[in-house]
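Novice: Below is one structure. I have some questions about it.
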Amino acid sequence: MAVNLGASLWGPLKELWETVDGAILRRQTESVHLLDLQLKKHKPHFLSLFRNPPKSADQKEKVRKASTEGIAIQGQQGSRLLPEQLLTEAFILSDLFDIGEMAALELLLTGEQQQPQFPGLTRGLVAVLLYWDGKLCVANSLRTLIQSRHGKTFTLDLSGELVALTTRFTDELMNQGLTKRILALVSEISVAKEFERLQKERGLGNEKHRKEVGDLIKECRQALADSLFAWTCQSPLTKDDTLALIGHLETVTAQADGSLDSVNLALVMALLYCLDVSFIEQGTEDREVKNVFFRQYVSAVHSRLMDNQPWKLPGLQAVCKLAWALTLRVLSQLPQGSGQTSFPLI
């Protein structure tokens, strides 16, 4: 196994985002084929979403011996001897982010390469920025892919070939548990927790570095929440995913000023889109969308929202109950018979 100086947790993910951005947002027609290749290559990154390459005894041993026996570097002939201090930092970074030892070493070496772009920062501090920038590239790519899919609310006026590609790809991700993974990440990741962990290993630098790291973490959470919101704008969630979203909102707390942060606000709006059936009245729905509101879905959501278990934010609970009441009212007035799908409520 050779060390990749592009850093597997940064360089290739940066390339992924540039391809997604080029094909969808900048509408570079030649990028569609490249996008197809990138999505096939990085599908595991989307399916595992933010999971890091695991540690291994074999990797640890190879990195440990890199100061005496050397280690292969991609694009370079022979082996390269690495200083002990670099290897020590690699093991610290591996423990800090719970990533494989080789991936940690790659990040550090790439951080060293990128140091001229970050005056005053050590390679370790640059590596921390690259780590979170790589995560953001995946999150931004996911959000943009979902925004481009075919759906009921809006269109980006992209080619049919491109929309078919992104719709098919994101459908596969959703069928593999994307909703629950996003909700878990939004709950797990916080600036405060990450800063506490980084501070212990001197992974935070000056005020500018702290702000940059904090902004990257915040943007990651926002892009993940926006991805789920964009999905519900275009397509309904399944019963289980809707219940998972409700379960998350039950635990949400307010900020110091009593407001919701933008991440949880996006998730509230995602639920409201799940409960919005106005498009059925407009006759723009397809059979698959209608089927979401059959007995099992409506009964399960009704039971969850009306079980009278207090949420952390009673006001948020009241908003969701009101939205559900309006949904039930609309469904009860839909025409039945004459070939129309009926909506038995509970």
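Just remember, in the structure tokens the first chain shown is A, the second B, etc., residues are 1-based per chain, and ligands are 1-based in the order shown.
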Given only C-alpha atoms, how would the per-residue table for range 180-206 of chain A near range 36-50 of chain A read, listing every residue at most 9 Å away with its closest atom pair and distance in Å to one decimal, sorted by chain and number, as a Markdown table?
Specialist:
```
| residue | atom | partner | partner_atom | distance |
| --- | --- | --- | --- | --- |
| A:Arg181 | CA | A:Leu49 | CA | 7.3 |
| A:Ile182 | CA | A:Leu49 | CA | 8.1 |
| A:Leu185 | CA | A:Phe50 | CA | 8.2 |
```
Novice: Near Arg149 in chain A, within 8 Å and counting only C-alpha atoms, which residues show up once chain neighbours fewer than 4 positions away are dropped, as a list of chain:residue names?
Specialist: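 Near Arg149 in chain A, the qualifying residues are A:Leu145, A:Thr155, A:Val163, A:Ala164, A:Thr166, A:Thr167, A:Thr170, A:Gln234.
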Novice: Might you pull out every residue within 9 Å of Glu69 in chain A, with only C-alpha atoms counted and same-chain residues fewer than 5 positions away left off, and present them as a PDB file with N, CA and C atoms, in the first residue's frame?
Specialist:
```
ATOM      1  N   LYS A  62       3.215  -0.648   9.340  1.00  0.00           N
ATOM      2  CA  LYS A  62       3.869  -0.036   8.179  1.00  0.00           C
ATOM      3  C   LYS A  62       4.260   1.411   8.470  1.00  0.00           C
ATOM      4  N   SER A  79      11.311   3.844  -1.860  1.00  0.00           N
ATOM      5  CA  SER A  79      10.671   4.165  -0.580  1.00  0.00           C
ATOM      6  C   SER A  79      11.256   5.439  -0.003  1.00  0.00           C
ATOM      7  N   ARG A  80      10.495   6.086   0.827  1.00  0.00           N
ATOM      8  CA  ARG A  80      10.941   7.338   1.442  1.00  0.00           C
ATOM      9  C   ARG A  80      10.971   7.179   2.952  1.00  0.00           C
ATOM     10  N   LEU A  81      12.084   7.545   3.546  1.00  0.00           N
ATOM     11  CA  LEU A  81      12.189   7.518   5.001  1.00  0.00           C
ATOM     12  C   LEU A  81      11.501   8.755   5.570  1.00  0.00           C
TER      13      LEU A  81
END
```
Novice: Would you please work out which residue, of A:Leu165, A:Tyr273, A:Ala184, A:Thr68, is nearest to Leu34 in chain A when using only C-alpha atoms?
Specialist: A:Leu165
Novice: Could you pull the residues within 9 Å of range 187-191 of chain A, counting only C-alpha atoms, minus those fewer than 3 positions along the same chain, as a PyMOL selection string?
Specialist: chain A and resi 182-184+194-196+213-215+217-218+220-221+248
Novice: May I have the selected residues written with C-alpha atoms, as an mmCIF file, in the first residue's frame?
Specialist:
```cif
data_model
loop_
_atom_site.group_PDB
_atom_site.id
_atom_site.type_symbol
_atom_site.label_atom_id
_atom_site.label_comp_id
_atom_site.auth_asym_id
_atom_site.auth_seq_id
_atom_site.Cartn_x
_atom_site.Cartn_y
_atom_site.Cartn_z
ATOM 1 C CA ILE A 182 -28.057 11.978 8.034
ATOM 2 C CA LEU A 183 -30.103 12.296 11.232
ATOM 3 C CA ALA A 184 -27.443 10.402 13.197
ATOM 4 C CA GLU A 194 -15.227 18.612 18.076
ATOM 5 C CA PHE A 195 -13.410 21.577 19.621
ATOM 6 C CA GLU A 196 -13.157 19.792 22.965
ATOM 7 C CA VAL A 213 -12.567 24.730 11.486
ATOM 8 C CA GLY A 214 -15.800 25.786 13.207
ATOM 9 C CA ASP A 215 -17.256 27.089 9.944
ATOM 10 C CA ILE A 217 -18.160 21.775 10.809
ATOM 11 C CA LYS A 218 -21.230 24.032 10.766
ATOM 12 C CA CYS A 220 -21.193 20.100 7.047
ATOM 13 C CA ARG A 221 -24.189 19.860 9.379
ATOM 14 C CA HIS A 248 -35.157 13.442 15.876
#
```
Novice: List as CSV every residue of range 33-138 of chain A that is in contact with range 197-207 of chain A, defined as an atom at most 10 Å from one of its atoms (using only C-alpha atoms), together with the nearest atom pair and the distance in Å rounded to one decimal, sorted by chain and then rising number.
Specialist:
```
residue,atom,partner,partner_atom,distance
A:Glu89,CA,A:Glu201,CA,9.9
A:Ile92,CA,A:Glu201,CA,7.5
A:Leu93,CA,A:Glu201,CA,8.6
A:Asp95,CA,A:Glu201,CA,9.7
A:Leu96,CA,A:Arg197,CA,7.2
A:Phe97,CA,A:Arg197,CA,9.1
A:Gly120,CA,A:Asn206,CA,9.1
A:Leu121,CA,A:Gly205,CA,7.3
A:Thr122,CA,A:Gly205,CA,8.7
A:Gly124,CA,A:Gly203,CA,7.2
A:Leu125,CA,A:Gly203,CA,6.0
A:Val126,CA,A:Gly203,CA,9.4
A:Ala127,CA,A:Gly203,CA,9.3
A:Val128,CA,A:Gly203,CA,7.0
A:Leu129,CA,A:Leu204,CA,9.8
```
Novice: Hey, can you spit out that residue selection with all heavy atoms as a compact mmCIF listing (two decimals), in the first residue's frame?
Specialist:
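Result went into again-v5.txt, see below:
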```
# COMPACT_ATOMS: atom_id res chain seq x y z
N GLU A 89 2.94 12.32 14.94
CA GLU A 89 1.78 13.16 14.64
C GLU A 89 0.71 12.37 13.91
O GLU A 89 -0.50 12.57 14.12
CB GLU A 89 2.21 14.36 13.80
CG GLU A 89 3.09 15.37 14.54
CD GLU A 89 3.58 16.48 13.62
OE1 GLU A 89 2.88 16.80 12.65
OE2 GLU A 89 4.67 17.02 13.89
N ILE A 92 -1.25 10.39 16.39
CA ILE A 92 -2.14 11.29 17.14
C ILE A 92 -3.36 11.63 16.30
O ILE A 92 -4.50 11.58 16.79
CB ILE A 92 -1.39 12.58 17.55
CG1 ILE A 92 -0.31 12.27 18.58
CG2 ILE A 92 -2.36 13.62 18.09
CD1 ILE A 92 0.59 13.45 18.92
N LEU A 93 -3.15 11.94 15.01
CA LEU A 93 -4.26 12.28 14.12
C LEU A 93 -5.18 11.08 13.91
O LEU A 93 -6.41 11.22 13.85
CB LEU A 93 -3.71 12.76 12.78
CG LEU A 93 -4.65 13.56 11.87
CD1 LEU A 93 -5.03 14.88 12.52
CD2 LEU A 93 -3.99 13.80 10.51
N ASP A 95 -5.77 8.68 16.07
CA ASP A 95 -6.60 8.54 17.27
C ASP A 95 -7.63 9.66 17.38
O ASP A 95 -8.77 9.43 17.80
CB ASP A 95 -5.71 8.54 18.52
CG ASP A 95 -4.85 7.29 18.64
OD1 ASP A 95 -5.22 6.27 18.03
OD2 ASP A 95 -3.82 7.34 19.33
N LEU A 96 -7.23 10.86 16.98
CA LEU A 96 -8.10 12.02 17.11
C LEU A 96 -9.37 11.86 16.29
O LEU A 96 -10.48 12.12 16.78
CB LEU A 96 -7.34 13.27 16.65
CG LEU A 96 -8.07 14.61 16.72
CD1 LEU A 96 -8.45 14.95 18.15
CD2 LEU A 96 -7.20 15.71 16.11
N PHE A 97 -9.23 11.43 15.04
CA PHE A 97 -10.39 11.29 14.15
C PHE A 97 -10.83 9.85 13.96
O PHE A 97 -11.76 9.59 13.20
CB PHE A 97 -10.07 11.91 12.78
CG PHE A 97 -9.93 13.40 12.79
CD1 PHE A 97 -8.79 14.00 12.29
CD2 PHE A 97 -10.94 14.21 13.31
CE1 PHE A 97 -8.66 15.39 12.29
CE2 PHE A 97 -10.82 15.59 13.32
CZ PHE A 97 -9.68 16.18 12.80
N GLY A 120 1.64 30.38 8.73
CA GLY A 120 1.58 30.37 10.19
C GLY A 120 1.02 29.11 10.81
O GLY A 120 1.04 28.96 12.03
N LEU A 121 0.51 28.17 9.97
CA LEU A 121 -0.06 26.94 10.51
C LEU A 121 0.89 25.77 10.33
O LEU A 121 1.59 25.67 9.32
CB LEU A 121 -1.39 26.62 9.82
CG LEU A 121 -2.55 27.60 10.00
CD1 LEU A 121 -3.81 27.04 9.35
CD2 LEU A 121 -2.81 27.90 11.47
N THR A 122 0.93 24.89 11.30
CA THR A 122 1.72 23.67 11.19
C THR A 122 1.02 22.70 10.25
O THR A 122 -0.16 22.85 9.93
CB THR A 122 1.88 23.00 12.56
OG1 THR A 122 0.58 22.57 13.02
CG2 THR A 122 2.48 23.96 13.58
N GLY A 124 0.04 19.79 10.94
CA GLY A 124 -1.05 19.14 11.67
C GLY A 124 -2.32 19.98 11.66
O GLY A 124 -3.43 19.46 11.49
N LEU A 125 -2.17 21.28 11.85
CA LEU A 125 -3.33 22.18 11.85
C LEU A 125 -3.95 22.26 10.45
O LEU A 125 -5.17 22.33 10.30
CB LEU A 125 -2.93 23.56 12.34
CG LEU A 125 -2.48 23.65 13.80
CD1 LEU A 125 -2.08 25.08 14.15
CD2 LEU A 125 -3.58 23.15 14.74
N VAL A 126 -3.09 22.24 9.43
CA VAL A 126 -3.61 22.22 8.05
C VAL A 126 -4.35 20.91 7.80
O VAL A 126 -5.41 20.89 7.16
CB VAL A 126 -2.46 22.40 7.03
CG1 VAL A 126 -3.00 22.27 5.60
CG2 VAL A 126 -1.78 23.75 7.21
N ALA A 127 -3.83 19.80 8.32
CA ALA A 127 -4.47 18.50 8.14
C ALA A 127 -5.87 18.49 8.74
O ALA A 127 -6.80 17.87 8.18
CB ALA A 127 -3.62 17.40 8.77
N VAL A 128 -6.06 19.16 9.87
CA VAL A 128 -7.38 19.25 10.49
C VAL A 128 -8.35 19.97 9.53
O VAL A 128 -9.49 19.54 9.34
CB VAL A 128 -7.31 19.98 11.84
CG1 VAL A 128 -8.71 20.29 12.37
CG2 VAL A 128 -6.53 19.14 12.86
N LEU A 129 -7.89 21.05 8.93
CA LEU A 129 -8.72 21.77 7.95
C LEU A 129 -9.04 20.89 6.75
O LEU A 129 -10.19 20.86 6.27
CB LEU A 129 -8.01 23.04 7.48
CG LEU A 129 -7.93 24.20 8.48
CD1 LEU A 129 -7.02 25.30 7.95
CD2 LEU A 129 -9.32 24.77 8.77
```
Novice: When you look at range 133-139 of chain A with a cut-off of 6 Å (counting only C-alpha atoms), what residues show up, excluding the ones that are within fewer than 5 positions of it in the same chain? I need them as a list of chain:residue names.
Specialist: A:Leu9, A:Trp10, A:Leu13, A:Lys14, A:Trp17, A:Cys220, A:Ala223, A:Leu224
Novice: Restricting the output to N, CA, C and O atoms, write the selected residues as a PDB file, in the first residue's frame.
Specialist:
```pdb
ATOM      1  N   LEU A   9      -8.676  11.235   2.008  1.00  0.00           N
ATOM      2  CA  LEU A   9      -9.781  11.897   2.714  1.00  0.00           C
ATOM      3  C   LEU A   9      -9.935  13.364   2.308  1.00  0.00           C
ATOM      4  O   LEU A   9     -10.737  14.081   2.896  1.00  0.00           O
ATOM      5  N   TRP A  10      -9.173  13.785   1.285  1.00  0.00           N
ATOM      6  CA  TRP A  10      -9.322  15.179   0.842  1.00  0.00           C
ATOM      7  C   TRP A  10      -9.250  15.343  -0.672  1.00  0.00           C
ATOM      8  O   TRP A  10     -10.243  15.715  -1.302  1.00  0.00           O
ATOM      9  N   LEU A  13     -11.949  13.740  -2.874  1.00  0.00           N
ATOM     10  CA  LEU A  13     -13.257  14.291  -2.523  1.00  0.00           C
ATOM     11  C   LEU A  13     -13.409  15.715  -3.054  1.00  0.00           C
ATOM     12  O   LEU A  13     -14.509  16.141  -3.418  1.00  0.00           O
ATOM     13  N   LYS A  14     -12.297  16.450  -3.096  1.00  0.00           N
ATOM     14  CA  LYS A  14     -12.301  17.779  -3.703  1.00  0.00           C
ATOM     15  C   LYS A  14     -12.615  17.658  -5.191  1.00  0.00           C
ATOM     16  O   LYS A  14     -13.393  18.451  -5.752  1.00  0.00           O
ATOM     17  N   TRP A  17     -16.366  16.975  -5.699  1.00  0.00           N
ATOM     18  CA  TRP A  17     -17.195  18.175  -5.584  1.00  0.00           C
ATOM     19  C   TRP A  17     -17.054  19.067  -6.807  1.00  0.00           C
ATOM     20  O   TRP A  17     -18.043  19.620  -7.312  1.00  0.00           O
ATOM     21  N   CYS A 220     -20.920  21.533   7.239  1.00  0.00           N
ATOM     22  CA  CYS A 220     -21.193  20.100   7.047  1.00  0.00           C
ATOM     23  C   CYS A 220     -22.575  19.738   7.569  1.00  0.00           C
ATOM     24  O   CYS A 220     -23.369  19.081   6.879  1.00  0.00           O
ATOM     25  N   ALA A 223     -25.297  21.309   5.322  1.00  0.00           N
ATOM     26  CA  ALA A 223     -25.444  20.645   4.025  1.00  0.00           C
ATOM     27  C   ALA A 223     -26.161  19.307   4.168  1.00  0.00           C
ATOM     28  O   ALA A 223     -26.964  18.926   3.304  1.00  0.00           O
ATOM     29  N   LEU A 224     -25.897  18.589   5.249  1.00  0.00           N
ATOM     30  CA  LEU A 224     -26.577  17.318   5.487  1.00  0.00           C
ATOM     31  C   LEU A 224     -28.071  17.533   5.719  1.00  0.00           C
ATOM     32  O   LEU A 224     -28.918  16.839   5.140  1.00  0.00           O
TER      33      LEU A 224
END
```
Novice: How would you write, as a ChimeraX atom specification, the set of residues in range 171-218 of chain A that DSSP gives as alpha helix (DSSP H)?
Specialist: /A:171-175,178-188,191-200,207-218
Novice: Those residues you just picked out, can you put them in a file as a PDB file, in the first residue's frame with C-alpha atoms?
Specialist:
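As written to disk, selection-v7.pdb reads:
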```pdb
ATOM      1  CA  ASP A 171     -32.687   6.724  -5.043  1.00  0.00           C
ATOM      2  CA  GLU A 172     -30.117   4.008  -4.409  1.00  0.00           C
ATOM      3  CA  LEU A 173     -28.622   5.996  -1.529  1.00  0.00           C
ATOM      4  CA  MET A 174     -32.018   6.559   0.070  1.00  0.00           C
ATOM      5  CA  ASN A 175     -32.892   2.882  -0.219  1.00  0.00           C
ATOM      6  CA  LEU A 178     -29.557   7.700   3.892  1.00  0.00           C
ATOM      7  CA  THR A 179     -32.200   9.420   6.043  1.00  0.00           C
ATOM      8  CA  LYS A 180     -31.222   7.698   9.278  1.00  0.00           C
ATOM      9  CA  ARG A 181     -27.526   8.255   8.573  1.00  0.00           C
ATOM     10  CA  ILE A 182     -28.057  11.978   8.034  1.00  0.00           C
ATOM     11  CA  LEU A 183     -30.103  12.296  11.232  1.00  0.00           C
ATOM     12  CA  ALA A 184     -27.443  10.402  13.197  1.00  0.00           C
ATOM     13  CA  LEU A 185     -24.681  12.665  11.894  1.00  0.00           C
ATOM     14  CA  VAL A 186     -26.610  15.859  12.597  1.00  0.00           C
ATOM     15  CA  SER A 187     -27.090  14.648  16.176  1.00  0.00           C
ATOM     16  CA  GLU A 188     -23.502  13.470  16.664  1.00  0.00           C
ATOM     17  CA  VAL A 191     -18.673  22.357  17.068  1.00  0.00           C
ATOM     18  CA  ALA A 192     -18.441  22.183  20.859  1.00  0.00           C
ATOM     19  CA  LYS A 193     -17.717  18.427  20.925  1.00  0.00           C
ATOM     20  CA  GLU A 194     -15.227  18.612  18.076  1.00  0.00           C
ATOM     21  CA  PHE A 195     -13.410  21.577  19.621  1.00  0.00           C
ATOM     22  CA  GLU A 196     -13.157  19.792  22.965  1.00  0.00           C
ATOM     23  CA  ARG A 197     -11.585  16.792  21.277  1.00  0.00           C
ATOM     24  CA  LEU A 198      -9.232  18.896  19.146  1.00  0.00           C
ATOM     25  CA  GLN A 199      -8.177  21.040  22.090  1.00  0.00           C
ATOM     26  CA  LYS A 200      -6.935  18.004  24.009  1.00  0.00           C
ATOM     27  CA  GLU A 207      -8.390  32.480  16.222  1.00  0.00           C
ATOM     28  CA  LYS A 208      -8.527  32.350  12.424  1.00  0.00           C
ATOM     29  CA  HIS A 209      -7.869  28.601  12.411  1.00  0.00           C
ATOM     30  CA  ARG A 210     -10.553  28.033  15.033  1.00  0.00           C
ATOM     31  CA  LYS A 211     -13.073  30.003  12.999  1.00  0.00           C
ATOM     32  CA  GLU A 212     -12.223  28.131   9.809  1.00  0.00           C
ATOM     33  CA  VAL A 213     -12.567  24.730  11.486  1.00  0.00           C
ATOM     34  CA  GLY A 214     -15.800  25.786  13.207  1.00  0.00           C
ATOM     35  CA  ASP A 215     -17.256  27.089   9.944  1.00  0.00           C
ATOM     36  CA  LEU A 216     -16.421  23.850   8.125  1.00  0.00           C
ATOM     37  CA  ILE A 217     -18.160  21.775  10.809  1.00  0.00           C
ATOM     38  CA  LYS A 218     -21.230  24.032  10.766  1.00  0.00           C
TER      39      LYS A 218
END
```
Novice: Just checking: using only C-alpha atoms, which residue out of A:Phe91, A:Trp311, A:Tyr297, A:Phe118 ends up closest to Pro236 in chain A?
Specialist: A:Tyr297
Novice: Using DSSP on the backbone coordinates, identify all residues within range 43-232 of chain A classified as strand (DSSP E); present the result as an NGL selection string.
Specialist: :A and (71-72 or 79-80)
Novice: Just the selected residues (N, CA, C and O atoms), exported as a short mmCIF file (atom, residue, chain, number, x, y, z; two decimals), in the first residue's frame, please.
Specialist:
```cif
data_model
loop_
_atom_site.label_atom_id
_atom_site.label_comp_id
_atom_site.auth_asym_id
_atom_site.auth_seq_id
_atom_site.Cartn_x
_atom_site.Cartn_y
_atom_site.Cartn_z
N ILE A 71 8.72 4.06 3.30
CA ILE A 71 7.37 3.74 2.87
C ILE A 71 7.18 4.24 1.45
O ILE A 71 7.75 5.26 1.05
N ALA A 72 6.42 3.49 0.65
CA ALA A 72 6.21 3.86 -0.75
C ALA A 72 5.27 5.06 -0.84
O ALA A 72 4.27 5.15 -0.13
N SER A 79 11.31 3.84 -1.86
CA SER A 79 10.67 4.16 -0.58
C SER A 79 11.26 5.44 0.00
O SER A 79 12.42 5.78 -0.28
N ARG A 80 10.49 6.09 0.83
CA ARG A 80 10.94 7.34 1.44
C ARG A 80 10.97 7.18 2.95
O ARG A 80 9.99 6.72 3.56
#
```
Novice: Find the distance between CA of Val330 in chain A and CA of Val301 in chain A and write it in Å to one decimal.
Specialist: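 Going from CA of Val330 in chain A over to CA of Val301 in chain A, I get 15.4 Å.
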Novice: Might you pull out every residue within 7 Å of Arg123 in chain A, with only C-alpha atoms counted and same-chain residues fewer than 4 positions away left off, and present them as a PyMOL selection string?
Specialist: chain A and resi 108+111-112+115+127
Novice: Out of A:Lys60, A:His150, A:Arg26, A:Arg329, which residue has the shortest atom-to-atom distance to Phe169 in chain A when counting only C-alpha atoms?
Specialist: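 Ranking A:Lys60, A:His150, A:Arg26, A:Arg329 by distance to Phe169 in chain A, first place goes to A:His150.
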Novice: For a quick check of understanding, using only C-alpha atoms, which of A:Leu272, A:Glu219, A:Gln255, A:Arg304 has the smallest distance to Lys239 in chain A?
Specialist: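 That would be A:Arg304, the residue with the smallest distance to Lys239 in chain A.
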